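Okay, structure first, notes after.
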Amino acid sequence: MKVALLQCPVWGTREPPLAVVQLSGCLKAQGIETRSFDVNNRLYKRREESYKNLWAWEQSMFWYSKDNVKRFFSDISGTVEGYADEILAFGPALAGFSVAASSYHFSVEMAKLLKRKDKNMKVCFGGQLFLDKRNIEKAFGESCVDYVIAHESDIALGELARALEKGNIANCAGIHRSDGTRVSFTGERKSLKNLDKIPYMDFSDLRIEDYDDSRHIMMMASRGCVWNCAFCSSRAFWPGYRYMSGERIHQEISYHRSLQKPDVSHIDFADLVFNGNIDRVREFAKLMVKYPPFPASHKMQWNANAIISPGLDEETLRLMAESGCQRLFFGIESGSQKVLNGMKKFYSPELALDVIRNASKYGIKVTCNFMFGFPGETEQDFDLTLDFVKQAAPYVERVYPSRTYCSLEESSYLHSHPEEYGIRTPLSHHLYWESNDGTNTYPVRLKRCQRFELLCREIGLKVDCGVKTTVELDEYFNLGHYHEFKKEYDSALSYYDSYRKLDPENEVVNRKIEEILKNMAGEAQR
Amino acid sequence: MPGNNKVEENTKLNQEEYASRKIVLASYPRTVFVQMDSICNQDCLFCSRDAAYSHFDIDEYRERYGRKLQPVFERAESIILTGSGELLALPGIKESLDYFNGFAHAEKMFATNGSTLTPKMADYINDSGNRYTIHVSLHASNGDYHRMMTKSGNFDLIIENLKHLRSLRANGGNVRLNMVFLLTAKNIDNLVEFVHFAKEYGADSVIAYYNYIYRQDQRDLSCFFIKEKTNDILLKAGETASRVGMRITLPPKFGQDNYREKTLCGEAWSQIMINCSGDIITCDVAGDSRESILNKEFMDVWNGEYFTGIRKKLADGDTSCAKYCFRANPAAVNDFRSHIITRGKTEDEIKKVIEG
């Protein structure tokens, strides 16, 4: 049984897709012949001028529209046909798609194309998206998906392949399937307990040098989080907190280092939180100091997401810095204790300042993320955030203001408890939601973000723009989209027009303008 | 081993049973090979690996066979950790080694390409209190030959690892180091230099042997087609080793008049190899085995149809299986078939490899 693993657009292009390289390692360790295909990166590399911004995450809304994607797929039919032939030449009996909301429609089109060319090949979709059972039904409704795995696929996908070989998947837990009329489930699969046993990522098909940043490796050394922040959706996919030991992390890094050129000298940990267990962080840091991965002349550096916790004491931060920790990302989000409590973040702004100060003392660069307009945040609360930034500025390398300001992500506590947070129901839009009293709207949140940025510039603090285009384009695009959503077409047109002045060739915006003009003409006729 | 009655008694009994050509044994094997397939970070010219194979899982192994193999490991003189891929690259390898280190009386042996024998791993092995023999499979004494043989660029890393191991061993410890050189038409010119290299890095011994051909495309790697040159280099390597004071194990030369007589192969009495699926992996020339300890007790396999059949054949003086085995029958080196791994191949497939 051969298995093809696919990543379709849109997805990141900075490094090989983590899910695919991890799954590839897992399947190969199970003795299954596997090949990975990053359709996303290949299309990105060959994108044309009119589609050049499609891979900017802030324009990912394009990919959420079935019509947009179908049109795009049709525009590049020659190219994708070629990819499909290449995939099928490998001879897979099963194609596993790593699917997110942003890659869903393209994955469906690709699966349909592959099925047209080889009707015997089975298709399995997997990813966080399918935590919502409606998405499982939707996928089966596309008539090209045979199986869906909604939770961890590390072992499940390989076992599915083996079960398919034997012709009976009934005993393969964790698989959703459809007989065309009814969706059934083979039963819950237990999560992997011991992450130390997970096979290494496999970069043999997707070479690091083919990606935007060819000097780093991304690695996920834990799953889940010790916290359960109200706005976070990722936690739902990874219940609890499981982690690799420091020893295991060090072993995998040393292994990849033995395969790559010395200039691959950076590890980005994709863990939701790297310091959920501080003992493993200390163990890892000590090993990196005592046994630096070869060659020691090219010291490995690493970045990680971290939570503010007392465990990040001065000695630990010193050790982390010595071990190559270059940068820590903290989701500070707010300077108001009241807002932090609402977010279910368990630290005080004072502790945050201590940790940031100590990290900075040992040369660790600190990035702080902030959100704007979390439900319940008043102007006074927002002012506390501005005060916090002023105090933290000497110790912070840069700030990262959320460009979605405060999004209601599916599977998050916030999304499932809007009443508790005074959010108007029924929910209108994950970005454009409003508070019951109407004081917290998308434009209000955007304004706070702008004020935040202005302050940062005034005090000389670097602001990570966080977008692939420009902040200006992003704001025009989002405000255009917001007003379009509100059916305020004049305003929408005005913002899109502003966008067009800066980027006249943009296919997406030009089409939007056409559509709005058409809608307006239609309404005028009525 | 000294002081361990179970091992001593088993060894004595096993030797007696072999000497008296017993077919059904009361003793356990003295050597246990555990096949621990792993990921690999090299792509050697001579590799036997299929495109895909399952990796070893210590939890699965213990769960399935821990109870059954406990009395075997308790009596084993040596546990040889073998298999495809790079053993030390197995995620969680220390957990696996910890398990086997629990049988501290047994000598442990494994092979590595050296890249994962990092200072951390070497320290761990050295500190384990177990006696280890490590075979570093280098097949080359410099980066160019090494790259050609392994298609990897990690020779410098290996050198750093060997330097650390050398310093560790200079301070005593329980680690023996053998350097392995697989002889092929591609690298044989480097053998004499390799002896010097092994001396420089403080190896206890150099082990050179002919590569086995697994696939037809590996046929031209065989030294069988460069007999005179091979003999000449083997001679020089032996002389060099003797001069520099390095122990060396060399394979039989080609076309000699005075080969050692066939010996009665003792492997069916003394050793067993078991993989993670419970299958008994046999000696290549003895034929495929369908034995497995998955659903049987160990002794039912050890004294089962397969093993008793081989023992009986050998005890009755039938050494036909040594026809293609130059370990038991050095003269077999002159038959090309003895350079081919025939396990799992049909006669037609073997013929194709032989004829090229």
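We label chains A, B, ... in the order they appear in the structure tokens, count residues from 1 in each chain, and number ligands from 1 in the order shown.
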For the interface of chain A with chain B (cut-off 8 Å, counting only C-alpha atoms), please tabulate each contacting residue of chain A alongside its nearest pair of atoms and their separation in Å to one decimal, rows sorted by chain and increasing number, as JSON lines.
```
{"residue": "A:Lys28", "atom": "CA", "partner": "B:Ala52", "partner_atom": "CA", "distance": 6.2}
{"residue": "A:Ala29", "atom": "CA", "partner": "B:His55", "partner_atom": "CA", "distance": 4.9}
{"residue": "A:Gln30", "atom": "CA", "partner": "B:Ser54", "partner_atom": "CA", "distance": 4.4}
{"residue": "A:Gly31", "atom": "CA", "partner": "B:Tyr53", "partner_atom": "CA", "distance": 3.7}
{"residue": "A:Ile32", "atom": "CA", "partner": "B:Ala52", "partner_atom": "CA", "distance": 5.5}
{"residue": "A:Glu33", "atom": "CA", "partner": "B:Ala52", "partner_atom": "CA", "distance": 5.2}
{"residue": "A:Asp196", "atom": "CA", "partner": "B:Gly92", "partner_atom": "CA", "distance": 5.7}
{"residue": "A:Lys197", "atom": "CA", "partner": "B:Pro91", "partner_atom": "CA", "distance": 5.5}
{"residue": "A:Ile198", "atom": "CA", "partner": "B:Pro91", "partner_atom": "CA", "distance": 6.7}
{"residue": "A:Pro199", "atom": "CA", "partner": "B:Pro91", "partner_atom": "CA", "distance": 5.9}
{"residue": "A:Tyr200", "atom": "CA", "partner": "B:Pro91", "partner_atom": "CA", "distance": 6.9}
{"residue": "A:Arg248", "atom": "CA", "partner": "B:Gly92", "partner_atom": "CA", "distance": 6.5}
{"residue": "A:Gln251", "atom": "CA", "partner": "B:Pro91", "partner_atom": "CA", "distance": 7.6}
{"residue": "A:Glu252", "atom": "CA", "partner": "B:Pro91", "partner_atom": "CA", "distance": 7.5}
{"residue": "A:Tyr255", "atom": "CA", "partner": "B:Ala89", "partner_atom": "CA", "distance": 6.9}
{"residue": "A:Ser258", "atom": "CA", "partner": "B:Asn154", "partner_atom": "CA", "distance": 6.3}
{"residue": "A:Leu259", "atom": "CA", "partner": "B:Asn41", "partner_atom": "CA", "distance": 6.5}
{"residue": "A:Tyr291", "atom": "CA", "partner": "B:Lys120", "partner_atom": "CA", "distance": 6.2}
{"residue": "A:Phe294", "atom": "CA", "partner": "B:Leu157", "partner_atom": "CA", "distance": 6.3}
{"residue": "A:Pro295", "atom": "CA", "partner": "B:Leu157", "partner_atom": "CA", "distance": 7.1}
```
Item to check | Who sits within 10 Å of Lys262 of chain B, only C-alpha atoms, same chain under 3 positions skipped, as a ChimeraX atom specification | outcome: /B:259,265,319,322-323,325-332
Write the residues you've just listed into a file as a tab-separated table (two decimals), in the first residue's frame, and include C-alpha atoms for each of them.
```tsv
chain	number	residue	atom	x	y	z
B	259	TYR	CA	41.07	-23.24	2.67
B	265	CYS	CA	27.95	-24.60	12.04
B	319	THR	CA	26.56	-29.64	5.54
B	322	ALA	CA	27.52	-24.50	3.98
B	323	LYS	CA	27.94	-24.77	0.24
B	325	CYS	CA	28.51	-19.91	3.29
B	326	PHE	CA	32.08	-18.71	3.51
B	327	ARG	CA	31.81	-18.36	7.28
B	328	ALA	CA	31.46	-22.12	7.71
B	329	ASN	CA	33.12	-22.99	4.43
B	330	PRO	CA	35.77	-20.47	3.30
B	331	ALA	CA	36.17	-22.13	-0.07
B	332	ALA	CA	32.65	-21.01	-0.91
```
Checklist entry - How would you write, as a ChimeraX atom specification, the set of residues in segment 207-452 of chain A that DSSP gives as alpha helix (DSSP H)? => result /A:234-237,246-259,278-290,314-322,337-343,349-361,379-392,413-416,442-452
Checklist entry - If you measure from atom CA of Thr230 of chain B to atom CA of Thr184 of chain B, what distance in Å do you get, rounded to one decimal? => result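 Taking atom CA of Thr230 of chain B and atom CA of Thr184 of chain B, their separation equals 9.2 Å.
Each of B:Ile310, B:Ile213, B:Cys223, B:Met299 was compared to Ile340 of chain B using only C-alpha atoms, and B:Ile213 turns out to be the nearest.
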Next on the checklist: Report as an MDAnalysis selection string all protein, DNA and RNA residues lying within 6 Å of segment 487-500 of chain A, evaluated on only C-alpha atoms, omitting residues in the same chain fewer than 4 positions from it.
Outcome noted: chainID A and resid 473 476 480 483 504
Take the residues that were just selected and, keeping N, CA, C and O atoms, output them as a PDB file, in the first residue's frame.
```pdb
ATOM      1  N   LEU A 473      -2.781  48.157   2.940  1.00  0.00           N
ATOM      2  CA  LEU A 473      -3.575  47.314   2.049  1.00  0.00           C
ATOM      3  C   LEU A 473      -4.497  46.410   2.859  1.00  0.00           C
ATOM      4  O   LEU A 473      -5.658  46.203   2.510  1.00  0.00           O
ATOM      5  N   TYR A 476      -7.473  48.393   4.148  1.00  0.00           N
ATOM      6  CA  TYR A 476      -8.423  48.676   3.055  1.00  0.00           C
ATOM      7  C   TYR A 476      -9.209  47.420   2.695  1.00  0.00           C
ATOM      8  O   TYR A 476     -10.419  47.434   2.509  1.00  0.00           O
ATOM      9  N   GLY A 480     -13.098  46.991   3.424  1.00  0.00           N
ATOM     10  CA  GLY A 480     -13.935  46.741   2.247  1.00  0.00           C
ATOM     11  C   GLY A 480     -14.792  45.510   2.473  1.00  0.00           C
ATOM     12  O   GLY A 480     -16.009  45.513   2.244  1.00  0.00           O
ATOM     13  N   HIS A 483     -17.546  46.132   5.214  1.00  0.00           N
ATOM     14  CA  HIS A 483     -18.714  46.898   4.741  1.00  0.00           C
ATOM     15  C   HIS A 483     -19.505  46.110   3.702  1.00  0.00           C
ATOM     16  O   HIS A 483     -20.731  46.219   3.640  1.00  0.00           O
ATOM     17  N   PRO A 504      -3.150  47.818  -8.588  1.00  0.00           N
ATOM     18  CA  PRO A 504      -4.158  47.803  -9.655  1.00  0.00           C
ATOM     19  C   PRO A 504      -4.395  46.438 -10.289  1.00  0.00           C
ATOM     20  O   PRO A 504      -5.475  46.196 -10.825  1.00  0.00           O
TER      21      PRO A 504
END
```
Checklist entry - Looking at B:Gln70, B:Asn211, B:Thr240, B:Asn113, which one is nearest to Val195 of chain B, with distances taken over only C-alpha atoms? => result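 Checking each candidate against Val195 of chain B, we get B:Thr240 as the closest.
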Next on the checklist: Which residues are near segment 374-391 of chain A? Cut-off 6 Å, only C-alpha atoms, ignore same chain within fewer than 5 positions. Put them as a ChimeraX atom specification.
Outcome noted: /A:334-336,406,421
Next on the checklist: DSSP on the backbone, strand (DSSP E or B) only: what residues of segment 228-295 of chain B does that give? Format it as a PyMOL selection string.
Outcome noted: chain B and resi 247-249+271-274+279-280+292
Checklist entry - Can you list, as a ChimeraX atom specification, every protein, DNA or RNA residue that comes within 7 Å of segment 266-275 of chain B when you count only C-alpha atoms, leaving out same-chain residues fewer than 3 positions away? => result /B:18,29-36,278-282,307,310-311
Could you dump the residues just selected with all heavy atoms as a short mmCIF file (atom, residue, chain, number, x, y, z; two decimals), in the first residue's frame?
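Output file out-v2.cif follows:
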```
data_model
loop_
_atom_site.label_atom_id
_atom_site.label_comp_id
_atom_site.auth_asym_id
_atom_site.auth_seq_id
_atom_site.Cartn_x
_atom_site.Cartn_y
_atom_site.Cartn_z
N TYR B 18 25.70 -28.97 22.15
CA TYR B 18 26.26 -28.82 20.79
C TYR B 18 27.27 -29.94 20.54
O TYR B 18 27.24 -30.59 19.48
CB TYR B 18 26.92 -27.45 20.65
CG TYR B 18 27.73 -27.28 19.38
CD1 TYR B 18 27.11 -27.26 18.13
CD2 TYR B 18 29.11 -27.16 19.43
CE1 TYR B 18 27.85 -27.11 16.97
CE2 TYR B 18 29.87 -27.01 18.27
CZ TYR B 18 29.23 -26.98 17.04
OH TYR B 18 29.97 -26.84 15.89
N PRO B 29 19.59 -20.22 23.83
CA PRO B 29 20.67 -19.68 23.00
C PRO B 29 21.58 -18.77 23.82
O PRO B 29 21.13 -18.12 24.75
CB PRO B 29 19.92 -18.88 21.92
CG PRO B 29 18.57 -18.63 22.47
CD PRO B 29 18.26 -19.78 23.38
N ARG B 30 22.83 -18.76 23.42
CA ARG B 30 23.80 -17.93 24.17
C ARG B 30 23.86 -16.51 23.60
O ARG B 30 24.31 -15.59 24.27
CB ARG B 30 25.18 -18.58 24.10
CG ARG B 30 25.22 -19.87 24.95
CD ARG B 30 26.26 -20.86 24.44
NE ARG B 30 27.57 -20.26 24.31
CZ ARG B 30 28.56 -20.82 23.63
NH1 ARG B 30 28.39 -22.00 23.02
NH2 ARG B 30 29.74 -20.25 23.55
N THR B 31 23.45 -16.42 22.38
CA THR B 31 23.45 -15.09 21.74
C THR B 31 22.05 -14.82 21.20
O THR B 31 21.49 -15.66 20.50
CB THR B 31 24.45 -15.04 20.57
OG1 THR B 31 25.75 -15.34 21.08
CG2 THR B 31 24.46 -13.69 19.90
N VAL B 32 21.51 -13.65 21.53
CA VAL B 32 20.19 -13.29 21.01
C VAL B 32 20.34 -12.03 20.16
O VAL B 32 20.86 -11.01 20.63
CB VAL B 32 19.19 -13.01 22.15
CG1 VAL B 32 17.80 -12.75 21.57
CG2 VAL B 32 19.15 -14.17 23.13
N PHE B 33 19.94 -12.15 18.94
CA PHE B 33 19.90 -10.98 18.05
C PHE B 33 18.49 -10.39 18.13
O PHE B 33 17.51 -11.11 17.94
CB PHE B 33 20.16 -11.38 16.60
CG PHE B 33 21.56 -11.80 16.31
CD1 PHE B 33 22.04 -13.04 16.68
CD2 PHE B 33 22.42 -10.94 15.61
CE1 PHE B 33 23.34 -13.44 16.40
CE2 PHE B 33 23.73 -11.33 15.32
CZ PHE B 33 24.19 -12.58 15.71
N VAL B 34 18.44 -9.11 18.38
CA VAL B 34 17.14 -8.43 18.38
C VAL B 34 17.11 -7.49 17.19
O VAL B 34 17.96 -6.60 17.08
CB VAL B 34 16.93 -7.62 19.68
CG1 VAL B 34 15.56 -6.96 19.67
CG2 VAL B 34 17.08 -8.52 20.90
N GLN B 35 16.18 -7.73 16.31
CA GLN B 35 16.15 -6.88 15.11
C GLN B 35 15.39 -5.60 15.43
O GLN B 35 14.19 -5.63 15.70
CB GLN B 35 15.50 -7.61 13.95
CG GLN B 35 15.81 -6.91 12.65
CD GLN B 35 15.17 -7.58 11.45
OE1 GLN B 35 14.21 -8.31 11.56
NE2 GLN B 35 15.71 -7.28 10.28
N MET B 36 16.09 -4.51 15.42
CA MET B 36 15.49 -3.22 15.78
C MET B 36 15.61 -2.28 14.58
O MET B 36 16.52 -1.46 14.51
CB MET B 36 16.23 -2.63 16.99
CG MET B 36 16.15 -3.50 18.22
SD MET B 36 17.22 -2.92 19.57
CE MET B 36 16.44 -1.38 20.02
N GLY B 278 7.96 -10.81 15.94
CA GLY B 278 8.06 -12.12 16.57
C GLY B 278 8.63 -13.17 15.64
O GLY B 278 8.84 -14.32 16.04
N ASP B 279 8.90 -12.77 14.38
CA ASP B 279 9.43 -13.74 13.42
C ASP B 279 10.87 -14.09 13.75
O ASP B 279 11.65 -13.24 14.18
CB ASP B 279 9.40 -13.15 11.99
CG ASP B 279 7.99 -12.83 11.56
OD1 ASP B 279 7.05 -13.50 12.05
OD2 ASP B 279 7.81 -11.89 10.75
N ILE B 280 11.18 -15.35 13.50
CA ILE B 280 12.56 -15.79 13.66
C ILE B 280 13.27 -15.54 12.33
O ILE B 280 12.86 -16.06 11.29
CB ILE B 280 12.62 -17.30 14.00
CG1 ILE B 280 11.78 -17.58 15.24
CG2 ILE B 280 14.06 -17.76 14.14
CD1 ILE B 280 12.17 -16.82 16.46
N ILE B 281 14.29 -14.72 12.39
CA ILE B 281 15.05 -14.44 11.16
C ILE B 281 16.19 -15.45 11.12
O ILE B 281 16.94 -15.60 12.09
CB ILE B 281 15.65 -13.02 11.19
CG1 ILE B 281 14.60 -11.99 11.57
CG2 ILE B 281 16.31 -12.69 9.87
CD1 ILE B 281 13.51 -11.80 10.59
N THR B 282 16.30 -16.11 10.01
CA THR B 282 17.27 -17.21 9.98
C THR B 282 18.53 -16.80 9.28
O THR B 282 18.61 -15.77 8.61
CB THR B 282 16.68 -18.39 9.20
OG1 THR B 282 16.50 -17.95 7.86
CG2 THR B 282 15.37 -18.83 9.79
N PHE B 307 13.97 -25.43 13.90
CA PHE B 307 15.30 -25.54 14.50
C PHE B 307 15.75 -27.01 14.62
O PHE B 307 16.91 -27.33 14.35
CB PHE B 307 15.34 -24.86 15.88
CG PHE B 307 15.65 -23.39 15.78
CD1 PHE B 307 14.65 -22.45 15.89
CD2 PHE B 307 16.95 -22.95 15.56
CE1 PHE B 307 14.93 -21.10 15.79
CE2 PHE B 307 17.23 -21.61 15.45
CZ PHE B 307 16.22 -20.67 15.56
N ILE B 310 16.98 -28.27 11.25
CA ILE B 310 18.35 -27.84 10.86
C ILE B 310 19.38 -28.60 11.70
O ILE B 310 20.39 -29.08 11.17
CB ILE B 310 18.54 -26.33 11.07
CG1 ILE B 310 17.58 -25.54 10.21
CG2 ILE B 310 19.97 -25.92 10.74
CD1 ILE B 310 17.69 -24.05 10.41
N ARG B 311 19.11 -28.66 13.01
CA ARG B 311 20.10 -29.32 13.87
C ARG B 311 20.29 -30.79 13.44
O ARG B 311 21.41 -31.30 13.40
CB ARG B 311 19.64 -29.25 15.34
CG ARG B 311 19.81 -27.88 15.95
CD ARG B 311 19.42 -27.87 17.43
NE ARG B 311 19.05 -26.53 17.84
CZ ARG B 311 17.91 -26.21 18.44
NH1 ARG B 311 17.02 -27.13 18.76
NH2 ARG B 311 17.65 -24.96 18.75
#
```
Checklist entry - In Å, with one decimal, what is the gap from atom CA of Phe185 of chain A to atom CA of Ser107 of chain A? => result 21.9 Å
